[in-house]
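For reference, protein-v5.txt (compact mmCIF, C-alpha atoms):
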# COMPACT_ATOMS: atom_id res chain seq x y z
CA MET B 1 -13.92 30.26 -6.11
CA ARG B 2 -13.54 31.03 -2.41
CA ILE B 3 -14.41 28.22 -0.02
CA ALA B 4 -15.42 28.98 3.57
CA PRO B 5 -13.50 27.22 6.38
CA ALA B 6 -16.76 25.60 7.50
CA GLN B 7 -17.05 23.88 4.12
CA VAL B 8 -13.52 22.56 4.41
CA LEU B 9 -14.18 21.22 7.92
CA ARG B 10 -17.44 19.64 6.77
CA PHE B 11 -15.65 17.99 3.85
CA ILE B 12 -12.92 16.57 6.09
CA GLY B 13 -15.43 15.53 8.75
CA THR B 14 -17.50 13.63 6.20
CA ARG B 15 -14.42 11.77 4.99
CA VAL B 16 -13.32 10.93 8.54
CA LEU B 17 -16.80 9.64 9.40
CA SER B 18 -16.94 7.42 6.31
CA SER B 19 -13.45 6.14 7.13
CA GLY B 20 -14.66 5.25 10.63
CA VAL B 21 -17.53 3.23 9.18
CA VAL B 22 -15.11 1.37 6.91
CA LEU B 23 -12.81 0.70 9.86
CA LEU B 24 -15.71 -0.79 11.85
CA GLY B 25 -16.44 -3.12 8.95
CA VAL B 26 -12.79 -4.13 8.84
CA LEU B 27 -12.84 -4.86 12.57
CA ILE B 28 -15.83 -7.17 12.10
CA VAL B 29 -14.19 -9.02 9.22
CA VAL B 30 -10.84 -9.36 11.01
CA PHE B 31 -12.54 -10.59 14.17
CA ALA B 32 -14.47 -13.18 12.17
CA LEU B 33 -11.21 -14.44 10.65
CA VAL B 34 -10.41 -16.72 13.59
CA HIS B 35 -13.96 -18.04 13.87
CA LEU B 36 -14.34 -18.79 10.15
CA VAL B 37 -11.14 -20.85 9.92
CA PRO B 38 -11.96 -24.56 9.54
CA GLY B 39 -11.07 -26.43 12.69
CA ASP B 40 -9.99 -25.17 16.08
CA PRO B 41 -7.50 -22.28 15.67
CA VAL B 42 -5.90 -22.96 19.05
CA ARG B 43 -5.43 -26.65 18.20
CA LEU B 44 -4.02 -25.76 14.80
CA ALA B 45 -1.65 -23.20 16.32
CA LEU B 46 -0.25 -25.65 18.85
CA GLY B 47 0.41 -28.36 16.26
CA THR B 48 2.82 -30.97 17.64
CA ARG B 49 3.13 -29.00 20.90
CA TYR B 50 -0.46 -29.90 21.80
CA THR B 51 -1.26 -31.03 25.33
CA PRO B 52 -4.60 -30.58 27.12
CA GLU B 53 -2.96 -28.20 29.56
CA ALA B 54 -1.32 -26.10 26.84
CA TYR B 55 -4.56 -26.06 24.88
CA GLU B 56 -6.61 -24.74 27.79
CA ALA B 57 -3.96 -22.20 28.76
CA LEU B 58 -3.72 -20.76 25.25
CA ARG B 59 -7.49 -20.78 24.78
CA THR B 60 -7.97 -18.87 28.02
CA ALA B 61 -5.14 -16.42 27.31
CA SER B 62 -6.58 -15.61 23.88
CA GLY B 63 -10.10 -15.15 25.28
CA LEU B 64 -11.62 -17.80 23.00
CA ASP B 65 -13.31 -19.49 25.96
CA ARG B 66 -15.68 -16.55 26.43
CA PRO B 67 -19.05 -15.98 24.68
CA LEU B 68 -18.77 -14.63 21.13
CA PRO B 69 -20.37 -11.20 21.79
CA GLU B 70 -18.09 -10.67 24.76
CA GLN B 71 -15.08 -11.65 22.63
CA PHE B 72 -16.04 -9.10 19.96
CA VAL B 73 -16.55 -6.22 22.39
CA SER B 74 -13.26 -7.02 24.09
CA TYR B 75 -11.45 -7.27 20.76
CA VAL B 76 -12.77 -3.91 19.54
CA LEU B 77 -11.98 -2.14 22.81
CA HIS B 78 -8.45 -3.48 22.83
CA ALA B 79 -7.91 -2.88 19.09
CA VAL B 80 -8.86 0.81 19.21
CA THR B 81 -6.22 1.30 21.91
CA GLY B 82 -3.59 -0.51 19.83
CA ASP B 83 -3.61 -3.74 21.82
CA PHE B 84 -3.83 -6.69 19.43
CA GLY B 85 -3.08 -9.38 22.01
CA VAL B 86 -0.14 -11.77 22.06
CA SER B 87 1.28 -14.10 19.45
CA PHE B 88 0.37 -17.78 19.52
CA ARG B 89 3.89 -18.60 18.36
CA ASN B 90 6.14 -16.81 20.83
CA GLY B 91 3.85 -15.08 23.32
CA GLN B 92 5.20 -11.63 22.40
CA PRO B 93 2.86 -8.60 22.23
CA ILE B 94 1.61 -8.33 18.65
CA THR B 95 1.65 -4.53 18.68
CA THR B 96 5.37 -4.53 19.49
CA THR B 97 6.08 -7.02 16.71
CA LEU B 98 4.09 -5.01 14.15
CA LEU B 99 5.80 -1.74 15.09
CA GLN B 100 9.20 -3.40 14.71
CA ARG B 101 8.34 -4.54 11.17
CA LEU B 102 6.44 -1.43 10.06
CA PRO B 103 9.44 0.83 9.23
CA ALA B 104 10.82 -1.72 6.76
CA THR B 105 7.53 -1.96 4.86
CA VAL B 106 6.91 1.80 4.89
CA SER B 107 10.42 2.55 3.62
CA LEU B 108 10.03 -0.02 0.83
CA ALA B 109 6.61 1.38 -0.12
CA VAL B 110 7.85 4.98 -0.21
CA VAL B 111 10.89 4.08 -2.33
CA GLY B 112 8.70 2.01 -4.64
CA LEU B 113 6.22 4.87 -5.06
CA VAL B 114 8.99 7.39 -5.75
CA VAL B 115 10.44 5.09 -8.43
CA ALA B 116 6.96 4.59 -9.88
CA LEU B 117 6.31 8.34 -10.08
CA LEU B 118 9.70 9.03 -11.63
CA ILE B 119 8.82 6.52 -14.35
CA SER B 120 5.11 7.08 -14.85
CA LEU B 121 4.81 10.88 -14.76
CA PRO B 122 7.17 11.68 -17.64
CA ALA B 123 6.23 8.52 -19.56
CA GLY B 124 2.48 9.06 -19.17
CA VAL B 125 2.57 12.75 -20.10
CA TYR B 126 4.98 12.15 -23.00
CA SER B 127 2.83 9.34 -24.38
CA ALA B 128 -0.40 11.31 -24.05
CA LEU B 129 0.97 14.40 -25.82
CA ARG B 130 2.07 12.17 -28.72
CA GLU B 131 -1.06 10.09 -28.95
CA GLY B 132 -1.06 7.75 -31.94
CA ARG B 133 2.60 8.21 -32.78
CA VAL B 134 5.31 5.56 -32.67
CA SER B 135 6.63 6.87 -29.33
CA ASP B 136 3.13 6.53 -27.84
CA VAL B 137 2.91 2.93 -29.03
CA ILE B 138 6.31 2.13 -27.52
CA VAL B 139 5.29 3.55 -24.14
CA ARG B 140 1.97 1.68 -24.17
CA VAL B 141 3.57 -1.64 -25.12
CA SER B 142 6.28 -1.18 -22.48
CA SER B 143 3.73 -0.38 -19.79
CA GLN B 144 1.64 -3.40 -20.78
CA PHE B 145 4.72 -5.57 -20.44
CA GLY B 146 5.40 -4.09 -17.01
CA VAL B 147 1.84 -4.73 -15.88
CA SER B 148 1.99 -8.34 -17.06
CA ILE B 149 5.32 -9.34 -15.54
CA PRO B 150 5.10 -11.08 -12.11
CA ASP B 151 6.90 -9.08 -9.45
CA PHE B 152 8.65 -12.15 -8.00
CA TRP B 153 10.10 -13.00 -11.42
CA LEU B 154 11.22 -9.41 -11.95
CA GLY B 155 12.84 -9.47 -8.53
CA MET B 156 14.77 -12.63 -9.34
CA LEU B 157 15.91 -11.12 -12.66
CA LEU B 158 17.21 -8.03 -10.87
CA ILE B 159 19.00 -10.18 -8.29
CA SER B 160 20.58 -12.25 -11.06
CA LEU B 161 21.78 -9.13 -12.90
CA PHE B 162 22.81 -6.69 -10.18
CA SER B 163 23.80 -9.08 -7.39
CA VAL B 164 25.02 -12.31 -8.99
CA THR B 165 26.41 -11.10 -12.32
CA LEU B 166 27.56 -7.55 -11.60
CA GLY B 167 27.91 -7.74 -7.82
CA TRP B 168 26.79 -4.15 -7.39
CA LEU B 169 23.97 -4.57 -4.87
CA PRO B 170 23.11 -7.05 -2.11
CA ALA B 171 20.45 -9.65 -2.91
CA SER B 172 18.83 -9.63 0.52
CA GLY B 173 18.92 -8.17 4.02
CA TYR B 174 17.84 -4.96 5.69
CA VAL B 175 19.54 -2.03 7.41
CA ALA B 176 17.50 0.63 9.20
CA LEU B 177 17.65 4.09 7.64
CA THR B 178 18.49 5.68 10.98
CA ASP B 179 21.40 3.28 11.57
CA ASP B 180 23.14 3.51 8.20
CA PRO B 181 21.55 5.64 5.43
CA ALA B 182 24.03 4.49 2.79
CA GLY B 183 23.61 0.84 3.76
CA TRP B 184 19.83 1.23 3.79
CA LEU B 185 19.90 2.70 0.29
CA ARG B 186 21.96 -0.22 -1.01
CA GLN B 187 19.62 -2.74 0.60
CA VAL B 188 16.38 -1.08 -0.54
CA ALA B 189 17.53 -0.45 -4.11
CA LEU B 190 16.57 -3.81 -5.65
CA PRO B 191 13.26 -4.43 -3.83
CA GLY B 192 12.30 -0.78 -4.29
CA LEU B 193 13.10 -0.99 -8.00
CA THR B 194 11.05 -4.18 -8.29
CA VAL B 195 8.02 -2.62 -6.64
CA GLY B 196 8.47 0.68 -8.49
CA LEU B 197 8.76 -0.82 -11.97
CA VAL B 198 5.52 -2.78 -11.61
CA ALA B 199 3.63 0.11 -10.00
CA GLY B 200 5.09 2.56 -12.52
CA ALA B 201 3.80 0.51 -15.43
CA ILE B 202 0.29 0.56 -13.95
CA MET B 203 0.41 4.29 -13.20
CA THR B 204 1.72 5.18 -16.66
CA ARG B 205 -1.46 3.92 -18.27
CA TYR B 206 -3.69 5.88 -15.88
CA ILE B 207 -1.66 9.08 -16.21
CA ARG B 208 -1.70 8.82 -20.00
CA ALA B 209 -5.48 8.45 -20.01
CA ALA B 210 -5.90 11.36 -17.56
CA VAL B 211 -3.70 13.70 -19.60
CA ILE B 212 -5.49 12.79 -22.85
CA ASP B 213 -8.84 13.50 -21.20
CA VAL B 214 -7.72 16.89 -19.87
CA ALA B 215 -6.02 17.86 -23.14
CA SER B 216 -9.36 17.59 -24.93
CA ALA B 217 -11.15 19.87 -22.45
CA GLY B 218 -12.60 23.19 -23.62
CA TYR B 219 -10.43 25.41 -21.44
CA VAL B 220 -7.28 23.79 -22.86
CA ARG B 221 -8.44 24.39 -26.43
CA THR B 222 -9.18 28.01 -25.47
CA ALA B 223 -5.67 28.42 -24.05
CA VAL B 224 -4.19 27.03 -27.28
CA SER B 225 -6.37 29.30 -29.43
CA LYS B 226 -5.10 32.34 -27.49
CA GLY B 227 -1.60 31.54 -28.66
CA LEU B 228 -0.11 30.52 -25.31
CA PRO B 229 3.21 28.68 -25.64
CA ARG B 230 2.89 24.90 -25.58
CA ARG B 231 5.06 24.68 -22.47
CA ILE B 232 2.66 26.93 -20.56
CA VAL B 233 -0.41 25.05 -21.79
CA VAL B 234 1.07 21.71 -20.74
CA SER B 235 2.38 22.78 -17.31
CA ARG B 236 -0.36 25.16 -16.16
CA HIS B 237 -3.45 23.62 -17.73
CA ILE B 238 -3.01 20.00 -18.80
CA VAL B 239 -0.74 18.65 -16.06
CA ARG B 240 -2.47 20.60 -13.30
CA GLY B 241 -5.88 19.46 -14.51
CA ALA B 242 -4.71 15.84 -14.42
CA LEU B 243 -3.48 16.04 -10.81
CA VAL B 244 -6.69 14.68 -9.27
CA PRO B 245 -6.65 11.35 -11.16
CA VAL B 246 -2.88 11.18 -10.63
CA LEU B 247 -3.40 11.57 -6.87
CA THR B 248 -6.02 8.84 -7.03
CA ILE B 249 -3.80 6.26 -8.66
CA ALA B 250 -0.77 7.28 -6.56
CA GLY B 251 -2.76 6.84 -3.35
CA ILE B 252 -4.16 3.50 -4.47
CA GLN B 253 -0.71 2.26 -5.46
CA LEU B 254 0.86 3.37 -2.17
CA ALA B 255 -1.86 1.60 -0.18
CA THR B 256 -1.55 -1.48 -2.39
CA ILE B 257 2.21 -1.58 -1.94
CA LEU B 258 1.89 -1.25 1.84
CA GLY B 259 -0.40 -4.27 1.98
CA GLY B 260 0.67 -6.27 -1.03
CA VAL B 261 4.44 -6.71 -1.09
CA ILE B 262 4.45 -10.13 0.55
CA VAL B 263 6.08 -11.88 -2.41
CA VAL B 264 8.70 -9.15 -2.88
CA GLU B 265 9.59 -9.19 0.81
CA VAL B 266 9.94 -12.98 0.74
CA VAL B 267 12.13 -12.90 -2.39
CA PHE B 268 14.48 -10.28 -0.91
CA ALA B 269 14.25 -11.53 2.71
CA TRP B 270 12.92 -8.09 3.62
CA PRO B 271 11.75 -8.05 7.28
CA GLY B 272 8.50 -6.15 6.74
CA LEU B 273 4.82 -6.78 7.37
CA GLY B 274 4.46 -8.93 4.27
CA ARG B 275 7.16 -11.34 5.41
CA LEU B 276 5.64 -11.32 8.89
CA VAL B 277 2.20 -12.31 7.54
CA TYR B 278 3.79 -15.04 5.43
CA ASP B 279 5.52 -16.52 8.49
CA ALA B 280 2.37 -16.12 10.62
CA VAL B 281 0.24 -18.02 8.09
CA ALA B 282 2.80 -20.83 8.00
CA ALA B 283 2.76 -20.99 11.83
CA ARG B 284 -1.08 -20.70 12.09
CA ASP B 285 -0.56 -17.64 14.29
CA TYR B 286 -4.08 -16.22 13.87
CA PRO B 287 -3.88 -13.32 16.36
CA LEU B 288 -0.76 -12.08 14.58
CA ILE B 289 -2.50 -12.41 11.20
CA GLN B 290 -5.47 -10.47 12.60
CA GLY B 291 -3.24 -7.68 13.88
CA ALA B 292 -1.27 -7.41 10.64
CA VAL B 293 -4.39 -7.38 8.46
CA LEU B 294 -5.99 -4.73 10.66
CA LEU B 295 -2.86 -2.57 10.58
CA VAL B 296 -2.67 -2.78 6.77
CA ALA B 297 -6.37 -1.90 6.55
CA VAL B 298 -5.84 1.14 8.80
CA MET B 299 -2.93 2.29 6.64
CA PHE B 300 -5.07 1.86 3.53
CA ILE B 301 -7.86 3.95 5.09
CA VAL B 302 -5.43 6.65 6.25
CA VAL B 303 -3.81 6.90 2.81
CA ASN B 304 -7.21 7.22 1.13
CA LEU B 305 -8.24 9.87 3.67
CA ILE B 306 -5.08 11.87 2.95
CA VAL B 307 -5.74 11.59 -0.79
CA ASP B 308 -9.31 12.85 -0.27
CA VAL B 309 -8.00 15.89 1.60
CA LEU B 310 -5.40 16.52 -1.12
CA TYR B 311 -8.23 16.45 -3.67
CA ALA B 312 -9.72 19.47 -1.94
CA VAL B 313 -6.37 21.26 -1.98
CA VAL B 314 -5.83 20.62 -5.69
CA ASP B 315 -9.42 21.18 -6.85
CA PRO B 316 -11.66 23.48 -4.71
CA ARG B 317 -14.74 22.27 -6.60
CA ILE B 318 -14.48 18.93 -4.79
CA ARG B 319 -14.74 20.33 -1.29
CA ALA B 320 -17.53 22.64 -2.44
CA ALA B 321 -19.61 19.68 -3.62
As structure tokens, the full file:
Amino acid sequence: MRIAPAQVLRFIGTRVLSSGVVLLGVLIVVFALVHLVPGDPVRLALGTRYTPEAYEALRTASGLDRPLPEQFVSYVLHAVTGDFGVSFRNGQPITTTLLQRLPATVSLAVVGLVVALLISLPAGVYSALREGRVSDVIVRVSSQFGVSIPDFWLGMLLISLFSVTLGWLPASGYVALTDDPAGWLRQVALPGLTVGLVAGAIMTRYIRAAVIDVASAGYVRTAVSKGLPRRIVVSRHIVRGALVPVLTIAGIQLATILGGVIVVEVVFAWPGLGRLVYDAVAARDYPLIQGAVLLVAVMFIVVNLIVDVLYAVVDPRIRAA
């Protein structure tokens, strides 16, 4: 089926527009975060450093002394230009702080997703093609165990085995990929494996279900009845037909990892966004929390938008709808 370029542009434009609406909703929720917190956020942020002069100075600097509608308009205008204000804790620009922490989280998320795909793709396809057999049961039980295990406990087990007992890998720390690729790989191995094992267990179940669904489709039965080799049927028909749901779960897991590795980053002392949010919550640094939440939401929206576009590449029927 041939799809006109105008249809492709309309498909992408629709997805971008819907993403913009979602982003506006996120902006409203993030802005309301400070105003819904019980108590005075400025007073809470100052803690034992409170003085009337410091209180007024911080309140004025953060714009909380202005009317609420004016605060919202100012926040949106600054946010869309990448200006999230300054930190209550150290007075540093929040955008600079977030950009310093972003590479660590992105690298951990990418490594975790790669590990998850290396586990889930062969395991999910293998289990689905042997539905009901002992090997299928073993894969399903293993994936259920992986879904149930807390990531912080898994991380501590890996540290105990590979760092304390065997001494093969460091238990904590971070080295930038651009500074020392080999050192970065050693540092990211354990947290990446922790994230990847949990995500891989989740993805295995989805991939298995997707492959089973495609394997029962009419065109697959037709291909089998024509006498095509099993390898061709699996690679060209079953696996390719399951790519759309696989992209869905892979995109969801990547976005989830980007915004949900707080515990893993704390366990491994990984200096990413999750650890930053953890420290900001402890310090009552609400502007920093706002900026981090908004950045994670933007990454989630961007990942989902990319997945939507990939849908159209994999299955032309989607962009024709």
- prompt: What is the CA of Ile28 in chain B-CA of Phe72 in chain B distance in Å, reported with one decimal?
  reply: 8.1 Å
query: So, counting all atoms listed in the file, which residue among B:Ala217, B:Gly85, B:Gly251, B:Trp168 is closest to Thr97 in chain B?
result: B:Gly85
task: Compile the contact shell of Leu46 in chain B as an MDAnalysis selection string: residues with an atom at most 9 Å away, counting all atoms listed in the file, same-chain residues fewer than 2 positions apart removed.
output: chainID B and resid 41:44 48:51 54:55 58 88:89 283:284
Create the file for the chosen residues now, containing C-alpha atoms and written as a PDB file, in the coordinates of the input.
ATOM      1  CA  PRO B  41      -7.500 -22.280  15.670  1.00  0.00           C
ATOM      2  CA  VAL B  42      -5.900 -22.960  19.050  1.00  0.00           C
ATOM      3  CA  ARG B  43      -5.430 -26.650  18.200  1.00  0.00           C
ATOM      4  CA  LEU B  44      -4.020 -25.760  14.800  1.00  0.00           C
ATOM      5  CA  THR B  48       2.820 -30.970  17.640  1.00  0.00           C
ATOM      6  CA  ARG B  49       3.130 -29.000  20.900  1.00  0.00           C
ATOM      7  CA  TYR B  50      -0.460 -29.900  21.800  1.00  0.00           C
ATOM      8  CA  THR B  51      -1.260 -31.030  25.330  1.00  0.00           C
ATOM      9  CA  ALA B  54      -1.320 -26.100  26.840  1.00  0.00           C
ATOM     10  CA  TYR B  55      -4.560 -26.060  24.880  1.00  0.00           C
ATOM     11  CA  LEU B  58      -3.720 -20.760  25.250  1.00  0.00           C
ATOM     12  CA  PHE B  88       0.370 -17.780  19.520  1.00  0.00           C
ATOM     13  CA  ARG B  89       3.890 -18.600  18.360  1.00  0.00           C
ATOM     14  CA  ALA B 283       2.760 -20.990  11.830  1.00  0.00           C
ATOM     15  CA  ARG B 284      -1.080 -20.700  12.090  1.00  0.00           C
TER      16      ARG B 284
END
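Minimum atom-to-atom distance to Val296 in chain B, evaluated using only C-alpha atoms, belongs to B:Thr105 out of B:Thr248, B:Thr105, B:Gln187, B:Gln92.
From CA of Val244 in chain B back to CA of Phe300 in chain B, the distance works out to 18.2 Å.
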Rebuild N, CA and C atoms on range 200-232 of chain B, as a short mmCIF file (atom, residue, chain, number, x, y, z; two decimals), in the frame of the given file?
data_model
loop_
_atom_site.label_atom_id
_atom_site.label_comp_id
_atom_site.auth_asym_id
_atom_site.auth_seq_id
_atom_site.Cartn_x
_atom_site.Cartn_y
_atom_site.Cartn_z
N GLY B 200 4.92 1.53 -11.51
CA GLY B 200 5.09 2.56 -12.52
C GLY B 200 4.42 2.22 -13.83
N ALA B 201 4.47 0.94 -14.20
CA ALA B 201 3.80 0.51 -15.43
C ALA B 201 2.29 0.71 -15.32
N ILE B 202 1.73 0.38 -14.16
CA ILE B 202 0.29 0.56 -13.95
C ILE B 202 -0.08 2.04 -13.99
N MET B 203 0.71 2.87 -13.29
CA MET B 203 0.41 4.29 -13.20
C MET B 203 0.57 5.00 -14.53
N THR B 204 1.52 4.55 -15.35
CA THR B 204 1.72 5.18 -16.66
C THR B 204 0.45 5.16 -17.49
N ARG B 205 -0.25 4.05 -17.47
CA ARG B 205 -1.46 3.92 -18.27
C ARG B 205 -2.55 4.87 -17.76
N TYR B 206 -2.69 4.98 -16.45
CA TYR B 206 -3.69 5.88 -15.88
C TYR B 206 -3.34 7.35 -16.15
N ILE B 207 -2.07 7.69 -15.99
CA ILE B 207 -1.66 9.08 -16.21
C ILE B 207 -1.84 9.46 -17.67
N ARG B 208 -1.50 8.56 -18.57
CA ARG B 208 -1.70 8.82 -20.00
C ARG B 208 -3.17 9.11 -20.30
N ALA B 209 -4.05 8.26 -19.76
CA ALA B 209 -5.48 8.45 -20.01
C ALA B 209 -5.98 9.77 -19.41
N ALA B 210 -5.47 10.12 -18.21
CA ALA B 210 -5.90 11.36 -17.56
C ALA B 210 -5.45 12.58 -18.35
N VAL B 211 -4.22 12.56 -18.84
CA VAL B 211 -3.70 13.70 -19.60
C VAL B 211 -4.44 13.85 -20.93
N ILE B 212 -4.73 12.73 -21.60
CA ILE B 212 -5.49 12.79 -22.85
C ILE B 212 -6.87 13.38 -22.61
N ASP B 213 -7.50 13.00 -21.51
CA ASP B 213 -8.84 13.50 -21.20
C ASP B 213 -8.81 15.01 -20.95
N VAL B 214 -7.82 15.46 -20.17
CA VAL B 214 -7.72 16.89 -19.87
C VAL B 214 -7.34 17.70 -21.11
N ALA B 215 -6.48 17.14 -21.95
CA ALA B 215 -6.02 17.86 -23.14
C ALA B 215 -7.15 18.15 -24.12
N SER B 216 -8.23 17.36 -24.03
CA SER B 216 -9.36 17.59 -24.93
C SER B 216 -10.43 18.50 -24.32
N ALA B 217 -10.18 19.01 -23.11
CA ALA B 217 -11.15 19.87 -22.45
C ALA B 217 -11.23 21.24 -23.14
N GLY B 218 -12.37 21.91 -22.97
CA GLY B 218 -12.60 23.19 -23.62
C GLY B 218 -11.64 24.27 -23.20
N TYR B 219 -11.30 24.33 -21.90
CA TYR B 219 -10.43 25.41 -21.44
C TYR B 219 -9.01 25.25 -21.99
N VAL B 220 -8.60 24.00 -22.26
CA VAL B 220 -7.28 23.79 -22.86
C VAL B 220 -7.29 24.25 -24.31
N ARG B 221 -8.34 23.93 -25.04
CA ARG B 221 -8.44 24.39 -26.43
C ARG B 221 -8.48 25.92 -26.50
N THR B 222 -9.14 26.54 -25.51
CA THR B 222 -9.18 28.01 -25.47
C THR B 222 -7.78 28.58 -25.24
N ALA B 223 -7.03 27.95 -24.32
CA ALA B 223 -5.67 28.42 -24.05
C ALA B 223 -4.80 28.30 -25.29
N VAL B 224 -4.96 27.22 -26.05
CA VAL B 224 -4.19 27.03 -27.28
C VAL B 224 -4.57 28.08 -28.32
N SER B 225 -5.90 28.33 -28.43
CA SER B 225 -6.37 29.30 -29.43
C SER B 225 -5.90 30.72 -29.12
N LYS B 226 -5.60 31.01 -27.86
CA LYS B 226 -5.10 32.34 -27.49
C LYS B 226 -3.62 32.52 -27.83
N GLY B 227 -3.00 31.44 -28.26
CA GLY B 227 -1.60 31.54 -28.66
C GLY B 227 -0.61 31.33 -27.54
N LEU B 228 -1.04 30.78 -26.41
CA LEU B 228 -0.11 30.52 -25.31
C LEU B 228 0.94 29.50 -25.75
N PRO B 229 2.18 29.66 -25.30
CA PRO B 229 3.21 28.68 -25.64
C PRO B 229 2.82 27.28 -25.17
N ARG B 230 3.24 26.28 -25.91
CA ARG B 230 2.89 24.90 -25.58
C ARG B 230 3.35 24.50 -24.19
N ARG B 231 4.54 25.00 -23.80
CA ARG B 231 5.06 24.68 -22.47
C ARG B 231 4.12 25.18 -21.38
N ILE B 232 3.58 26.36 -21.54
CA ILE B 232 2.66 26.93 -20.56
C ILE B 232 1.34 26.15 -20.53
#
